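**Q** Sharing a structure with you now.
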Amino acid sequence: PAAMYETYYVTAHKAPCRIASFSPDGRLVATGSVDASIKVLDVERMVAKNLMPQMQDQGGQMSLENHPVIRTLYDHTEVCSVVYYGMIF
């Protein structure tokens, strides 16, 4: 039997996302994109955003304290095709 899973769309990359990697504790996920950026997202906030759309403020935007993207890294010059949590030996 196939595994059951749900898909959530929460990143705001300017180009297609090519890779995603969960932190060892499963609390964060990093996504890498063709736009040469990496976004680090809070998994609990990702789920909450999709389950409770009323978390938005008056202007229809998600408040910063609840937004799933907690960091965006733009210092790359090429497509981000690998993201990894931990030490590389």
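To be explicit about the labels: the chains of the structure tokens are called A, B, and onward in the order shown, and within each one the residues are counted from 1, while ligands get numbers from 1 in the order they are shown.
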Could you pull the residues within 9 Å of range 13-30 of chain A, counting only C-alpha atoms, minus those fewer than 3 positions along the same chain, as an MDAnalysis selection string?
**A** chainID A and resid 33:44 79:86
**Q** Mind dumping the selected residues with C-alpha atoms as a PDB file, in the first residue's frame?
**A**
ATOM      1  CA  SER A  33      15.008  26.816  -5.511  1.00  0.00           C
ATOM      2  CA  VAL A  34      15.957  27.573  -9.085  1.00  0.00           C
ATOM      3  CA  ASP A  35      15.897  31.251  -7.976  1.00  0.00           C
ATOM      4  CA  ALA A  36      19.128  30.488  -6.022  1.00  0.00           C
ATOM      5  CA  SER A  37      17.491  31.025  -2.630  1.00  0.00           C
ATOM      6  CA  ILE A  38      17.022  28.768   0.386  1.00  0.00           C
ATOM      7  CA  LYS A  39      14.059  29.198   2.716  1.00  0.00           C
ATOM      8  CA  VAL A  40      13.871  27.774   6.231  1.00  0.00           C
ATOM      9  CA  LEU A  41      10.318  27.089   7.393  1.00  0.00           C
ATOM     10  CA  ASP A  42       8.704  26.145  10.696  1.00  0.00           C
ATOM     11  CA  VAL A  43       6.686  22.933  10.140  1.00  0.00           C
ATOM     12  CA  GLU A  44       4.098  23.697  12.869  1.00  0.00           C
ATOM     13  CA  VAL A  79      20.396  26.907  -8.538  1.00  0.00           C
ATOM     14  CA  CYS A  80      19.998  25.395  -5.057  1.00  0.00           C
ATOM     15  CA  SER A  81      19.719  21.672  -5.691  1.00  0.00           C
ATOM     16  CA  VAL A  82      20.943  20.327  -2.317  1.00  0.00           C
ATOM     17  CA  VAL A  83      20.060  21.334   1.247  1.00  0.00           C
ATOM     18  CA  TYR A  84      21.352  19.393   4.231  1.00  0.00           C
ATOM     19  CA  TYR A  85      21.062  19.615   8.015  1.00  0.00           C
ATOM     20  CA  GLY A  86      24.028  18.449  10.045  1.00  0.00           C
TER      21      GLY A  86
END
**Q** What is the distance between CA of Lys49 in chain A and CA of His76 in chain A, in Å to one decimal?
**A**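 Taking CA of Lys49 in chain A as the start and CA of His76 in chain A as the end point, the length is 28.1 Å.
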**Q** Work out how far CA of Arg45 in chain A is from CA of Tyr74 in chain A, in Å to one decimal.
**A**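 Atom-to-atom, CA of Tyr74 in chain A to CA of Arg45 in chain A, that is 22.0 Å.
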